[in-house]
>>> print(open('start-v1.txt').read())   # compact mmCIF, C-alpha atoms and all ligand atoms
# COMPACT_ATOMS: atom_id res chain seq x y z
CA MET A 1 11.45 -2.38 29.66
CA ALA A 2 10.14 -3.12 26.16
CA LEU A 3 10.08 -0.58 23.34
CA ILE A 4 6.86 -0.49 21.34
CA VAL A 5 6.30 1.39 18.08
CA GLN A 6 2.65 2.05 17.31
CA LYS A 7 1.34 3.59 14.10
CA TYR A 8 -2.11 5.13 13.85
CA GLY A 9 -3.63 5.65 10.39
CA GLY A 10 -5.81 8.54 9.23
CA THR A 11 -9.22 7.20 10.26
CA SER A 12 -7.94 6.33 13.75
CA ILE A 13 -7.22 9.99 14.47
CA ALA A 14 -9.95 11.70 12.45
CA GLY A 15 -11.45 14.20 14.90
CA PRO A 16 -10.89 15.18 18.55
CA GLU A 17 -12.78 12.24 20.09
CA ARG A 18 -10.70 9.66 18.22
CA ILE A 19 -7.49 11.51 19.04
CA LYS A 20 -8.41 11.43 22.75
CA LYS A 21 -9.20 7.71 22.51
CA VAL A 22 -5.86 7.00 20.85
CA ALA A 23 -4.12 9.09 23.54
CA ARG A 24 -5.67 6.89 26.24
CA ARG A 25 -4.56 3.71 24.46
CA ILE A 26 -1.01 5.05 24.18
CA ILE A 27 -0.90 5.98 27.87
CA GLU A 28 -2.15 2.50 28.83
CA THR A 29 0.67 1.00 26.77
CA LYS A 30 3.20 3.17 28.57
CA LYS A 31 1.71 2.42 31.99
CA ARG A 32 2.24 -1.27 31.35
CA GLY A 33 5.93 -0.43 31.69
CA ASN A 34 6.90 0.17 28.07
CA LYS A 35 8.77 2.87 26.20
CA VAL A 36 6.53 4.11 23.42
CA VAL A 37 7.23 5.67 20.03
CA ILE A 38 4.15 6.69 18.05
CA VAL A 39 3.87 7.32 14.32
CA VAL A 40 0.80 9.09 12.97
CA SER A 41 -0.76 9.83 9.59
CA ALA A 42 -2.67 12.94 8.65
CA PRO A 43 -6.23 12.98 10.02
CA GLY A 44 -8.93 11.40 7.80
CA ASP A 45 -8.71 12.47 4.18
CA THR A 46 -6.53 15.53 4.87
CA THR A 47 -3.86 14.47 2.36
CA ASP A 48 -6.47 14.15 -0.43
CA LYS A 49 -7.97 17.51 0.46
CA LEU A 50 -4.58 19.25 0.49
CA THR A 51 -3.81 17.72 -2.93
CA GLU A 52 -7.13 18.94 -4.27
CA THR A 53 -6.55 22.48 -2.94
CA ALA A 54 -3.16 22.60 -4.66
CA ARG A 55 -4.75 21.48 -7.95
CA GLN A 56 -7.26 24.32 -7.67
CA ILE A 57 -4.34 26.73 -7.57
CA THR A 58 -2.28 25.21 -10.36
CA PRO A 59 -2.46 22.00 -12.40
CA SER A 60 1.29 21.58 -12.09
CA PRO A 61 2.61 22.48 -8.63
CA THR A 62 6.32 21.80 -8.13
CA ASP A 63 7.13 18.56 -6.34
CA ARG A 64 9.02 20.42 -3.62
CA GLU A 65 6.07 22.65 -2.70
CA MET A 66 3.67 19.70 -2.91
CA ASP A 67 5.73 17.85 -0.29
CA MET A 68 5.95 20.97 1.84
CA LEU A 69 2.16 21.16 1.72
CA LEU A 70 1.34 17.46 2.26
CA ALA A 71 3.72 17.17 5.21
CA THR A 72 1.51 19.64 7.12
CA GLY A 73 -1.22 16.99 7.47
CA GLU A 74 0.94 14.76 9.65
CA GLN A 75 2.25 17.79 11.53
CA MET A 76 -1.30 18.59 12.57
CA SER A 77 -1.73 15.06 13.95
CA ILE A 78 1.46 14.97 16.00
CA ALA A 79 0.70 18.29 17.72
CA LEU A 80 -2.94 17.42 18.48
CA LEU A 81 -2.03 13.97 19.79
CA ALA A 82 0.73 15.39 22.01
CA MET A 83 -1.80 17.90 23.42
CA ALA A 84 -4.31 15.09 24.08
CA ILE A 85 -1.67 13.13 25.99
CA HIS A 86 -0.60 16.22 27.98
CA ALA A 87 -4.26 16.83 28.87
CA LEU A 88 -4.34 13.36 30.43
CA GLY A 89 -1.31 14.22 32.56
CA GLU A 90 1.44 12.34 30.68
CA GLU A 91 4.59 13.66 29.07
CA ALA A 92 4.82 13.53 25.30
CA VAL A 93 6.77 15.32 22.61
CA SER A 94 5.90 15.71 18.92
CA LEU A 95 8.60 15.52 16.25
CA THR A 96 8.43 16.10 12.51
CA GLY A 97 10.11 13.44 10.37
CA GLY A 98 13.18 15.67 10.07
CA GLN A 99 13.35 16.27 13.84
CA GLY A 100 13.01 12.53 14.31
CA GLY A 101 16.21 12.11 12.26
CA ILE A 102 14.64 10.64 9.11
CA VAL A 103 16.95 11.62 6.26
CA THR A 104 15.82 10.87 2.71
CA ASP A 105 17.04 11.27 -0.85
CA GLU A 106 15.70 14.13 -2.96
CA THR A 107 12.95 12.30 -4.83
CA PHE A 108 10.07 14.55 -3.81
CA SER A 109 6.72 12.76 -3.42
CA ASN A 110 8.38 9.35 -3.38
CA ALA A 111 11.53 9.80 -1.32
CA LYS A 112 13.64 6.86 -0.11
CA ILE A 113 14.88 6.80 3.48
CA ARG A 114 18.68 7.05 3.44
CA LYS A 115 19.35 6.92 7.18
CA ILE A 116 17.71 7.54 10.51
CA ASP A 117 19.60 9.34 13.24
CA THR A 118 17.82 8.18 16.39
CA LYS A 119 19.66 10.43 18.87
CA LYS A 120 16.81 12.85 19.50
CA ILE A 121 14.17 10.14 19.78
CA GLU A 122 16.36 8.23 22.23
CA LYS A 123 17.07 11.32 24.28
CA GLU A 124 13.35 12.06 24.60
CA LEU A 125 12.61 8.45 25.51
CA SER A 126 15.25 8.59 28.22
CA LYS A 127 13.34 11.53 29.75
CA ASP A 128 10.41 9.11 30.08
CA ARG A 129 8.40 10.87 27.38
CA ILE A 130 6.10 9.38 24.78
CA VAL A 131 7.65 10.30 21.43
CA ILE A 132 5.27 11.10 18.57
CA VAL A 133 6.81 11.19 15.10
CA ALA A 134 5.08 12.46 11.94
CA GLY A 135 4.71 9.62 9.46
CA PHE A 136 5.15 9.85 5.67
CA GLN A 137 7.87 12.51 5.78
CA GLY A 138 11.58 13.11 6.05
CA ILE A 139 14.17 15.71 5.27
CA THR A 140 16.99 15.76 2.71
CA ALA A 141 20.64 16.45 3.52
CA LYS A 142 19.93 19.94 2.11
CA LYS A 143 17.06 20.40 4.61
CA ASP A 144 14.17 20.16 2.16
CA ILE A 145 11.03 18.40 3.42
CA THR A 146 10.13 15.28 1.45
CA THR A 147 7.31 12.75 1.54
CA LEU A 148 7.66 8.98 1.15
CA GLY A 149 4.75 8.22 -1.21
CA ARG A 150 1.07 7.72 -0.41
CA GLY A 151 0.47 5.49 2.58
CA GLY A 152 4.08 6.18 3.65
CA SER A 153 3.40 6.31 7.40
CA ASP A 154 3.47 2.50 7.44
CA LEU A 155 7.03 2.74 6.14
CA THR A 156 8.00 5.32 8.77
CA ALA A 157 6.73 3.00 11.51
CA VAL A 158 8.53 -0.10 10.25
CA ALA A 159 11.77 1.82 9.59
CA LEU A 160 11.72 3.31 13.10
CA ALA A 161 10.90 -0.07 14.66
CA SER A 162 13.88 -1.49 12.82
CA VAL A 163 16.50 1.14 13.74
CA LEU A 164 15.27 1.46 17.31
CA LYS A 165 15.30 -2.36 17.61
CA ALA A 166 11.75 -2.17 18.94
CA ASP A 167 10.28 -5.22 20.63
CA GLN A 168 6.94 -4.71 18.89
CA CYS A 169 5.65 -2.83 15.86
CA GLU A 170 1.88 -2.34 15.89
CA VAL A 171 -0.05 -0.80 13.01
CA TYR A 172 -3.51 0.43 14.08
CA THR A 173 -6.07 0.92 11.35
CA ASP A 174 -9.84 0.87 10.71
CA VAL A 175 -10.12 -2.90 10.18
CA ALA A 176 -9.12 -5.66 12.60
CA GLY A 177 -6.19 -6.96 10.53
CA VAL A 178 -5.33 -8.32 7.12
CA TYR A 179 -8.30 -10.14 5.58
CA THR A 180 -8.66 -12.68 2.79
CA ALA A 181 -10.08 -9.78 0.73
CA ASP A 182 -10.95 -6.15 1.31
CA PRO A 183 -13.67 -6.40 3.99
CA ARG A 184 -15.30 -3.30 2.52
CA ILE A 185 -16.37 -5.24 -0.55
CA VAL A 186 -16.36 -8.82 0.75
CA PRO A 187 -18.30 -8.69 4.03
CA ASP A 188 -17.60 -12.35 4.89
CA ALA A 189 -13.82 -12.05 4.34
CA ARG A 190 -11.83 -13.84 7.04
CA LYS A 191 -9.14 -12.25 9.19
CA ILE A 192 -5.78 -13.93 8.68
CA ASP A 193 -3.93 -14.63 11.96
CA ARG A 194 -0.42 -14.82 10.49
CA ILE A 195 0.82 -14.06 6.99
CA SER A 196 4.29 -14.27 5.47
CA TYR A 197 6.16 -11.19 4.21
CA ASP A 198 6.10 -12.63 0.68
CA GLU A 199 2.35 -13.03 0.57
CA MET A 200 1.71 -9.68 2.23
CA LEU A 201 4.06 -7.96 -0.20
CA GLU A 202 2.19 -9.47 -3.15
CA LEU A 203 -1.23 -8.60 -1.70
CA ALA A 204 -0.11 -5.04 -0.98
CA SER A 205 1.51 -4.61 -4.41
CA LEU A 206 -1.63 -5.95 -6.08
CA GLY A 207 -3.86 -3.39 -4.39
CA ALA A 208 -4.63 -4.44 -0.78
CA GLN A 209 -4.34 -0.97 0.68
CA VAL A 210 -3.98 -2.06 4.30
CA MET A 211 -0.14 -1.90 4.24
CA VAL A 212 2.06 -0.03 1.80
CA PRO A 213 4.33 -2.47 -0.13
CA ARG A 214 7.61 -0.72 0.72
CA SER A 215 6.95 -1.14 4.44
CA ILE A 216 6.76 -4.91 3.95
CA GLN A 217 10.02 -4.96 1.99
CA VAL A 218 11.75 -3.12 4.83
CA ALA A 219 10.14 -5.36 7.45
CA ASN A 220 11.32 -8.43 5.57
CA ARG A 221 14.87 -7.13 5.11
CA PHE A 222 15.27 -6.23 8.79
CA GLY A 223 13.08 -8.95 10.29
CA VAL A 224 10.47 -6.68 11.85
CA ASP A 225 7.24 -8.48 12.77
CA ILE A 226 4.24 -6.23 12.18
CA HIS A 227 1.01 -6.61 14.13
CA VAL A 228 -1.84 -5.04 12.12
CA ARG A 229 -4.89 -4.41 14.29
CA SER A 230 -7.89 -2.19 14.91
CA SER A 231 -7.71 1.07 16.85
CA PHE A 232 -11.40 0.66 17.66
CA ASN A 233 -11.18 -2.52 19.76
CA ASP A 234 -8.70 -4.84 21.50
CA GLU A 235 -9.03 -7.80 19.13
CA GLU A 236 -5.85 -9.60 18.14
CA GLY A 237 -5.02 -8.66 14.58
CA THR A 238 -2.71 -10.13 11.93
CA VAL A 239 0.99 -10.76 12.43
CA ILE A 240 3.09 -10.26 9.30
CA THR A 241 6.21 -12.33 9.77
CA LYS A 242 8.80 -14.64 8.26
CA GLU A 243 7.69 -18.05 9.40
CA VAL A 244 4.16 -19.14 8.78
CA SER A 245 3.15 -22.71 9.33
CA LYS A 246 0.07 -23.30 7.26
CA MET A 247 -2.66 -25.86 7.46
CA GLU A 248 -2.09 -28.30 4.65
CA GLY A 249 -4.04 -27.51 1.55
CA VAL A 250 -4.20 -23.71 1.97
CA VAL A 251 -3.39 -22.68 -1.57
CA VAL A 252 -4.80 -19.19 -1.90
CA SER A 253 -4.35 -16.77 1.00
CA GLY A 254 -6.14 -13.76 -0.36
CA VAL A 255 -7.75 -11.84 -3.20
CA ALA A 256 -6.75 -8.28 -4.12
CA TYR A 257 -7.94 -5.74 -6.65
CA ASP A 258 -6.54 -2.59 -8.15
CA LYS A 259 -8.51 0.05 -10.01
CA ASP A 260 -5.62 2.43 -10.34
CA LEU A 261 -4.56 1.26 -13.79
CA VAL A 262 -5.15 1.95 -17.46
CA LYS A 263 -4.65 -0.28 -20.48
CA VAL A 264 -2.77 1.20 -23.42
CA ALA A 265 -2.54 -0.46 -26.84
CA ILE A 266 -0.36 0.38 -29.78
CA THR A 267 -1.80 -1.20 -32.91
CA ASP A 268 -0.55 -2.32 -36.31
CA VAL A 269 3.02 -2.45 -35.07
CA PRO A 270 5.51 -3.78 -37.65
CA ASP A 271 6.52 -7.31 -36.61
CA ARG A 272 10.32 -7.12 -36.51
CA PRO A 273 13.12 -7.41 -33.94
CA GLY A 274 13.81 -4.40 -31.73
CA ILE A 275 10.29 -2.94 -31.69
CA ALA A 276 9.38 -4.01 -28.15
CA ALA A 277 12.78 -2.82 -26.94
CA LYS A 278 12.06 0.59 -28.46
CA ILE A 279 8.58 0.91 -26.93
CA PHE A 280 9.48 -0.25 -23.44
CA GLY A 281 12.91 1.40 -23.54
CA ALA A 282 11.20 4.76 -24.10
CA LEU A 283 8.74 4.11 -21.26
CA GLY A 284 11.59 3.05 -18.97
CA ALA A 285 13.56 6.20 -19.79
CA GLY A 286 10.44 8.19 -18.89
CA LYS A 287 10.39 6.37 -15.50
CA VAL A 288 7.03 4.75 -16.27
CA ASN A 289 6.35 1.47 -14.51
CA VAL A 290 4.78 -1.00 -16.93
CA ASP A 291 2.86 -3.86 -15.39
CA MET A 292 1.31 -6.43 -17.76
CA ILE A 293 2.25 -6.75 -21.42
CA ILE A 294 0.52 -8.71 -24.16
CA GLN A 295 1.62 -9.01 -27.77
CA SER A 296 -0.87 -10.47 -30.24
CA SER A 297 0.43 -12.92 -32.84
CA ALA A 298 1.43 -11.27 -36.09
CA GLN A 299 -0.93 -11.13 -39.05
CA GLY A 300 0.07 -9.53 -42.32
CA GLY A 301 3.42 -8.47 -40.87
CA VAL A 302 1.90 -6.43 -38.01
CA ASN A 303 0.69 -7.07 -34.47
CA ASP A 304 -0.79 -5.20 -31.49
CA ILE A 305 1.03 -4.59 -28.22
CA SER A 306 -1.03 -3.82 -25.09
CA PHE A 307 0.23 -2.98 -21.64
CA THR A 308 -1.01 -1.55 -18.34
CA VAL A 309 0.37 1.40 -16.40
CA ASN A 310 -0.71 3.41 -13.35
CA ARG A 311 -3.51 5.85 -14.09
CA GLY A 312 -1.37 8.78 -12.94
CA ASP A 313 1.16 8.04 -15.70
CA LEU A 314 -1.37 8.09 -18.57
CA ASN A 315 -0.59 11.56 -19.95
CA LYS A 316 3.14 10.89 -19.84
CA VAL A 317 2.64 7.53 -21.58
CA LEU A 318 0.51 9.07 -24.34
CA ASP A 319 3.21 11.71 -24.94
CA ILE A 320 5.98 9.12 -25.12
CA MET A 321 3.98 6.66 -27.22
CA GLY A 322 2.90 9.38 -29.65
CA LYS A 323 6.56 9.86 -30.56
CA VAL A 324 7.48 6.17 -30.55
CA LYS A 325 4.49 5.38 -32.78
CA GLN A 326 5.87 7.68 -35.49
CA GLU A 327 9.37 6.25 -35.16
CA ILE A 328 8.33 2.62 -35.51
CA GLY A 329 5.59 3.20 -38.07
CA ALA A 330 2.71 1.85 -35.95
CA LYS A 331 -0.79 2.98 -36.91
CA GLY A 332 -2.89 3.34 -33.78
CA LEU A 333 -2.63 4.34 -30.13
CA VAL A 334 -5.66 3.69 -27.92
CA TYR A 335 -6.29 3.44 -24.18
CA ASP A 336 -8.99 2.18 -21.82
CA GLU A 337 -9.40 3.71 -18.37
CA GLY A 338 -12.29 1.44 -17.47
CA VAL A 339 -10.22 -1.57 -16.45
CA ALA A 340 -9.16 -3.14 -13.15
CA LYS A 341 -6.92 -5.97 -12.04
CA VAL A 342 -8.03 -8.82 -9.78
CA SER A 343 -5.44 -11.14 -8.30
CA ILE A 344 -5.07 -14.15 -6.07
CA VAL A 345 -2.02 -14.69 -3.87
CA GLY A 346 -0.71 -17.73 -2.04
CA VAL A 347 2.60 -19.50 -1.49
CA GLY A 348 0.70 -22.80 -1.78
CA MET A 349 0.34 -22.18 -5.54
CA LYS A 350 3.95 -23.26 -5.98
CA THR A 351 2.96 -26.83 -5.25
CA HIS A 352 -0.64 -27.03 -6.47
CA SER A 353 -1.97 -27.25 -9.99
CA GLY A 354 -5.33 -26.16 -11.35
CA VAL A 355 -5.38 -22.90 -9.43
CA ALA A 356 -5.48 -20.68 -12.53
CA SER A 357 -8.31 -22.61 -14.14
CA LYS A 358 -10.31 -22.39 -10.91
CA MET A 359 -9.89 -18.60 -10.90
CA PHE A 360 -10.84 -18.34 -14.57
CA SER A 361 -13.94 -20.45 -14.10
CA ALA A 362 -15.02 -18.26 -11.14
CA LEU A 363 -14.87 -15.30 -13.53
CA ALA A 364 -16.55 -17.17 -16.38
CA GLU A 365 -19.47 -18.21 -14.16
CA GLU A 366 -20.11 -14.52 -13.47
CA ASP A 367 -19.77 -13.65 -17.16
CA VAL A 368 -16.64 -11.58 -16.51
CA ASN A 369 -14.38 -11.29 -19.54
CA ILE A 370 -10.62 -11.61 -19.01
CA GLU A 371 -8.59 -9.12 -21.06
CA MET A 372 -5.07 -9.91 -19.84
CA ILE A 373 -3.47 -12.53 -17.60
CA SER A 374 -0.16 -12.61 -15.77
CA THR A 375 1.24 -15.12 -13.33
CA SER A 376 4.19 -15.59 -11.00
CA GLU A 377 5.06 -18.37 -8.58
CA ILE A 378 2.70 -17.07 -5.92
CA LYS A 379 0.12 -14.96 -7.75
CA ILE A 380 -2.26 -14.87 -10.71
CA SER A 381 -3.69 -11.59 -12.01
CA CYS A 382 -6.40 -10.87 -14.57
CA VAL A 383 -7.31 -7.55 -16.12
CA ILE A 384 -11.09 -7.17 -16.42
CA LYS A 385 -13.61 -4.36 -16.91
CA GLU A 386 -13.61 -2.04 -13.90
CA LYS A 387 -17.39 -2.28 -13.51
CA ASP A 388 -17.00 -6.02 -12.84
CA THR A 389 -14.44 -5.65 -10.03
CA GLU A 390 -16.61 -6.20 -6.96
CA LYS A 391 -18.50 -9.07 -8.55
CA ALA A 392 -15.23 -10.70 -9.64
CA VAL A 393 -13.53 -10.38 -6.24
CA ARG A 394 -16.54 -11.90 -4.48
CA ALA A 395 -16.80 -14.74 -6.99
CA ILE A 396 -13.12 -15.66 -6.67
CA HIS A 397 -13.28 -15.39 -2.87
CA ARG A 398 -16.24 -17.77 -2.88
CA LYS A 399 -14.67 -20.19 -5.36
CA PHE A 400 -11.62 -20.68 -3.16
CA ALA A 401 -13.81 -20.94 -0.03
CA LEU A 402 -11.95 -18.17 1.75
CA ALA A 403 -14.91 -16.94 3.79
CA LYS A 404 -15.21 -17.09 7.58
CA THR A 405 -17.29 -20.25 7.51
CA PRO A 406 -16.72 -21.95 4.19
CA ARG A 407 -19.96 -23.64 3.23
CA LYS A 408 -19.65 -27.13 1.86
CA GLY A 409 -20.78 -27.67 -1.72
CA ARG A 410 -20.67 -23.99 -2.59
CA LYS A 411 -18.93 -23.22 -5.84
P1 LIG B 501 -4.88 3.72 7.40
O1 LIG B 501 -5.48 5.08 7.19
O2 LIG B 501 -5.08 3.21 8.78
O3 LIG B 501 -3.47 3.60 6.91
P2 LIG B 501 -5.84 2.45 4.97
O4 LIG B 501 -7.12 3.03 4.44
O5 LIG B 501 -4.58 2.85 4.30
O6 LIG B 501 -5.78 2.72 6.53
O7 LIG B 501 -5.92 0.84 4.96
C1 LIG B 501 -7.01 0.19 5.56
C2 LIG B 501 -8.04 -0.21 4.52
O8 LIG B 501 -7.46 -1.18 3.64
C3 LIG B 501 -9.25 -0.90 5.07
O9 LIG B 501 -10.25 0.02 5.44
C4 LIG B 501 -9.69 -1.84 3.94
O10 LIG B 501 -10.84 -1.38 3.28
C5 LIG B 501 -8.52 -1.82 2.97
N1 LIG B 501 -8.12 -3.17 2.57
C6 LIG B 501 -7.93 -3.59 1.28
N2 LIG B 501 -7.60 -4.87 1.23
C7 LIG B 501 -7.55 -5.32 2.50
C8 LIG B 501 -7.28 -6.59 3.10
N3 LIG B 501 -6.94 -7.66 2.37
N4 LIG B 501 -7.32 -6.68 4.45
C9 LIG B 501 -7.64 -5.61 5.21
N5 LIG B 501 -7.92 -4.38 4.70
C10 LIG B 501 -7.88 -4.24 3.36
N1 LIG B 502 -1.20 10.85 4.90
C1 LIG B 502 -0.49 10.09 3.88
C2 LIG B 502 -1.46 9.53 2.86
O1 LIG B 502 -2.65 9.75 2.98
C3 LIG B 502 0.38 9.02 4.47
C4 LIG B 502 -0.34 7.90 5.18
O2 LIG B 502 -1.54 8.01 5.47
O3 LIG B 502 0.30 6.89 5.50
O4 LIG B 502 -1.04 8.91 1.92
MG MG B 503 -2.62 3.31 4.98
>>> encode(input="start-v1.txt", output="structure tokens", more="lines below")
Ligand code: ADP
Ligand code: ASP
Ligand code: MG
Amino acid sequence: MALIVQKYGGTSIAGPERIKKVARRIIETKKRGNKVVIVVSAPGDTTDKLTETARQITPSPTDREMDMLLATGEQMSIALLAMAIHALGEEAVSLTGGQGGIVTDETFSNAKIRKIDTKKIEKELSKDRIVIVAGFQGITAKKDITTLGRGGSDLTAVALASVLKADQCEVYTDVAGVYTADPRIVPDARKIDRISYDEMLELASLGAQVMVPRSIQVANRFGVDIHVRSSFNDEEGTVITKEVSKMEGVVVSGVAYDKDLVKVAITDVPDRPGIAAKIFGALGAGKVNVDMIIQSSAQGGVNDISFTVNRGDLNKVLDIMGKVKQEIGAKGLVYDEGVAKVSIVGVGMKTHSGVASKMFSALAEEDVNIEMISTSEIKISCVIKEKDTEKAVRAIHRKFALAKTPRKGRK
């Protein structure tokens, strides 16, 4: 008897009809002779709505109460799904993250899973029940409810699949798999049959929302294959796995974009040793994640240093930089919220040249200005104006002929 972990995202269980449909799919899986553990997200945009309600009460809710609030979204889903399964005559039991044995550290809103005690899940499975666990949440050793960061139900599913030694881990979402670009903005994006953990981790980290990056790290560490597929049909989706044999010549696997960033620049910075260490040391101490950094060449003994951070960190960064600016005797501090990052990812880049110039010319042909560039072995990213994002993603996708039916001669 195989053990299957299935995760259903927010859109898949938005509303009673979809919940009933998911319940039928789960029962079919069980009737094929499998043990089934289900992980669910909050319905639709519940998490956003709960966040908004909290903000209407106070601009600075405590992290503990925020997690207490957000965890209710998933709790709604587990109860409703269990009821839907009962109504179809099958046995199911709903468990919060804590009841499911998911113990985390105390970093509210971005907790790390410390251990998973699977006793209760296993006991329920042995009673022949479908076990439904709330995604995105856990409990600390001191019994406080925590959440794992936005999109965290993917992580719950992969972590459970790993500790339960599941035979399959299926992630059901509103698209049929992982595509060469977000199908919402590139209609002719192609579904990828198999993708390596490394490429998926890069795509996810660079903005492809379909899987949360931490879930891919865990999958890679524990060797969990993830099958991403649609909850609306039976199409085969994308398998995220270790080994991927590629057709020769596939250099770029996908294009990603991220609008959740802001560019900050500190200007007229004295050009002497120790300045960068001071700026980025202060940001590090404030737990701010800095992404790209550019330092202009010095003129007249001063230069400019620009960097990007997550939009949510902007106020903190301005506070920190205000102080650092005084200390180091820099003159200006400016920021631009109207930027975005577009990236290409592919392990084939390690062995091919000319990839960067091809990406830059795709942008140039569309008159998109590049403000910052960063590269690694398997990715190239450019910061551009946010208003150009869709146009840029489509142009790059076309340039690398990633579409379903690449047309010959098309640039
Ligand atoms: P869920 O609620 O099921 O977790 P998400 O909204 O988190 O779903 O993720 C699915 C969405 O990810 C899709 O609707 C799609 O628009 C977006 N997406 C972005 N990049 C990609 C990509 N490369 N492949 C597939 N989906 C992508
Ligand atoms: N409901 C949470 C969120 O919206 C977790 C998830 O969907 O995975 O971020
Ligand atoms: Mg998601």
>>> atom_distance(input="start-v1.txt", atom1="CA of Ala71 (chain A)", atom2="CA of Pro16 (chain A)")
19.9 Å
>>> residues_near_ligand(input="start-v1.txt", ligand="ligand MG 503 (chain B)", cutoff="8 Å", atoms="all atoms listed in the file", output="MDAnalysis selection string")
chainID A and resid 9:10 150:154 173 209:212
>>> residues_near_ligand(input="start-v1.txt", ligand="ligand LIG 501 (chain B)", cutoff="8 Å", atoms="all atoms listed in the file", output="PyMOL selection string")
chain A and resi 8-12+41+44+151+153-154+171-185+191+203-204+207-212+254-257
>>> axis_aligned_box(input="start-v1.txt", around="ligand LIG 502 (chain B)", padding_each_side="6 Å", output="JSON")
{"center_x": -1.1, "center_y": 8.9, "center_z": 3.7, "size_x": 15.0, "size_y": 16.0, "size_z": 15.6}
>>> closest_residue(input="start-v1.txt", among="A:Ser374, A:Asn310, A:Ser126, A:Thr146", to="Thr107 (chain A)", atoms="all atoms listed in the file")
A:Thr146
>>> residues_around(input="start-v1.txt", residues="Leu148 (chain A)", least_positions_apart="6", cutoff="7 Å", atoms="all atoms listed in the file", output="mmCIF file with C-alpha atoms, in the frame of the given file")
data_model
loop_
_atom_site.group_PDB
_atom_site.id
_atom_site.type_symbol
_atom_site.label_atom_id
_atom_site.label_comp_id
_atom_site.auth_asym_id
_atom_site.auth_seq_id
_atom_site.Cartn_x
_atom_site.Cartn_y
_atom_site.Cartn_z
ATOM 1 C CA SER A 109 6.720 12.760 -3.420
ATOM 2 C CA ASN A 110 8.380 9.350 -3.380
ATOM 3 C CA ALA A 111 11.530 9.800 -1.320
ATOM 4 C CA LYS A 112 13.640 6.860 -0.110
ATOM 5 C CA PHE A 136 5.150 9.850 5.670
ATOM 6 C CA GLN A 137 7.870 12.510 5.780
#
>>> closest_residue(input="start-v1.txt", among="A:Asp313, A:Asp271, A:Glu202, A:Glu74", to="Ile328 (chain A)", atoms="all atoms listed in the file")
A:Asp271
>>> residues_near_point(input="start-v1.txt", point="(-13.2, -18.4, -2.4)", cutoff="9 Å", atoms="all atoms listed in the file", output="VMD selection string")
chain A and resid 180 252 254 to 255 362 393 to 403 406 411
>>> residues_near_point(input="start-v1.txt", point="(9.8, 10.7, 29.2)", cutoff="12 Å", atoms="only C-alpha atoms", output="list in words")
Ile27, Lys30, Lys31, Asn34, Lys35, Val36, Val37, His86, Glu90, Glu91, Ala92, Val93, Ile121, Glu122, Lys123, Glu124, Leu125, Ser126, Lys127, Asp128, Arg129, Ile130, Val131 and Ile132 of chain A
>>> residues_around(input="start-v1.txt", residues="Ala87 (chain A)", least_positions_apart="2", cutoff="12 Å", atoms="only C-alpha atoms", output="PDB file with C-alpha atoms, in the coordinates of the input")
ATOM      1  CA  ILE A  19      -7.490  11.510  19.040  1.00  0.00           C
ATOM      2  CA  LYS A  20      -8.410  11.430  22.750  1.00  0.00           C
ATOM      3  CA  ALA A  23      -4.120   9.090  23.540  1.00  0.00           C
ATOM      4  CA  ARG A  24      -5.670   6.890  26.240  1.00  0.00           C
ATOM      5  CA  ILE A  27      -0.900   5.980  27.870  1.00  0.00           C
ATOM      6  CA  LEU A  80      -2.940  17.420  18.480  1.00  0.00           C
ATOM      7  CA  LEU A  81      -2.030  13.970  19.790  1.00  0.00           C
ATOM      8  CA  ALA A  82       0.730  15.390  22.010  1.00  0.00           C
ATOM      9  CA  MET A  83      -1.800  17.900  23.420  1.00  0.00           C
ATOM     10  CA  ALA A  84      -4.310  15.090  24.080  1.00  0.00           C
ATOM     11  CA  ILE A  85      -1.670  13.130  25.990  1.00  0.00           C
ATOM     12  CA  GLY A  89      -1.310  14.220  32.560  1.00  0.00           C
ATOM     13  CA  GLU A  90       1.440  12.340  30.680  1.00  0.00           C
ATOM     14  CA  GLU A  91       4.590  13.660  29.070  1.00  0.00           C
ATOM     15  CA  ALA A  92       4.820  13.530  25.300  1.00  0.00           C
TER      16      ALA A  92
END
>>> closest_residue(input="start-v1.txt", among="A:Leu318, A:Ala2, A:Ile13, A:Ile113", to="ligand LIG 502 (chain B)", atoms="only C-alpha atoms and all ligand atoms")
A:Ile13
>>> closest_residue(input="start-v1.txt", among="A:Lys49, A:Lys21, A:Arg32, A:Lys142", to="ligand LIG 502 (chain B)", atoms="only C-alpha atoms and all ligand atoms")
A:Lys49
>>> atom_distance(input="start-v1.txt", atom1="CA of Ile384 (chain A)", atom2="CA of Arg190 (chain A)")
24.4 Å
>>> closest_residue(input="start-v1.txt", among="A:Val347, A:Leu206, A:Ile378, A:Leu50", to="ligand LIG 502 (chain B)", atoms="only C-alpha atoms and all ligand atoms")
A:Leu50
>>> atom_distance(input="start-v1.txt", atom1="CA of Lys263 (chain A)", atom2="CA of Asn315 (chain A)")
12.5 Å
>>> residues_around(input="start-v1.txt", residues="Gly73 (chain A)", least_positions_apart="2", cutoff="9 Å", atoms="all atoms listed in the file", output="ChimeraX atom specification")
/A:41-43,46-47,50,69-71,75-77,134
>>> closest_residue(input="start-v1.txt", among="A:Glu390, A:Asp234, A:Asp117, A:Asp193", to="Ala340 (chain A)", atoms="only C-alpha atoms")
A:Glu390
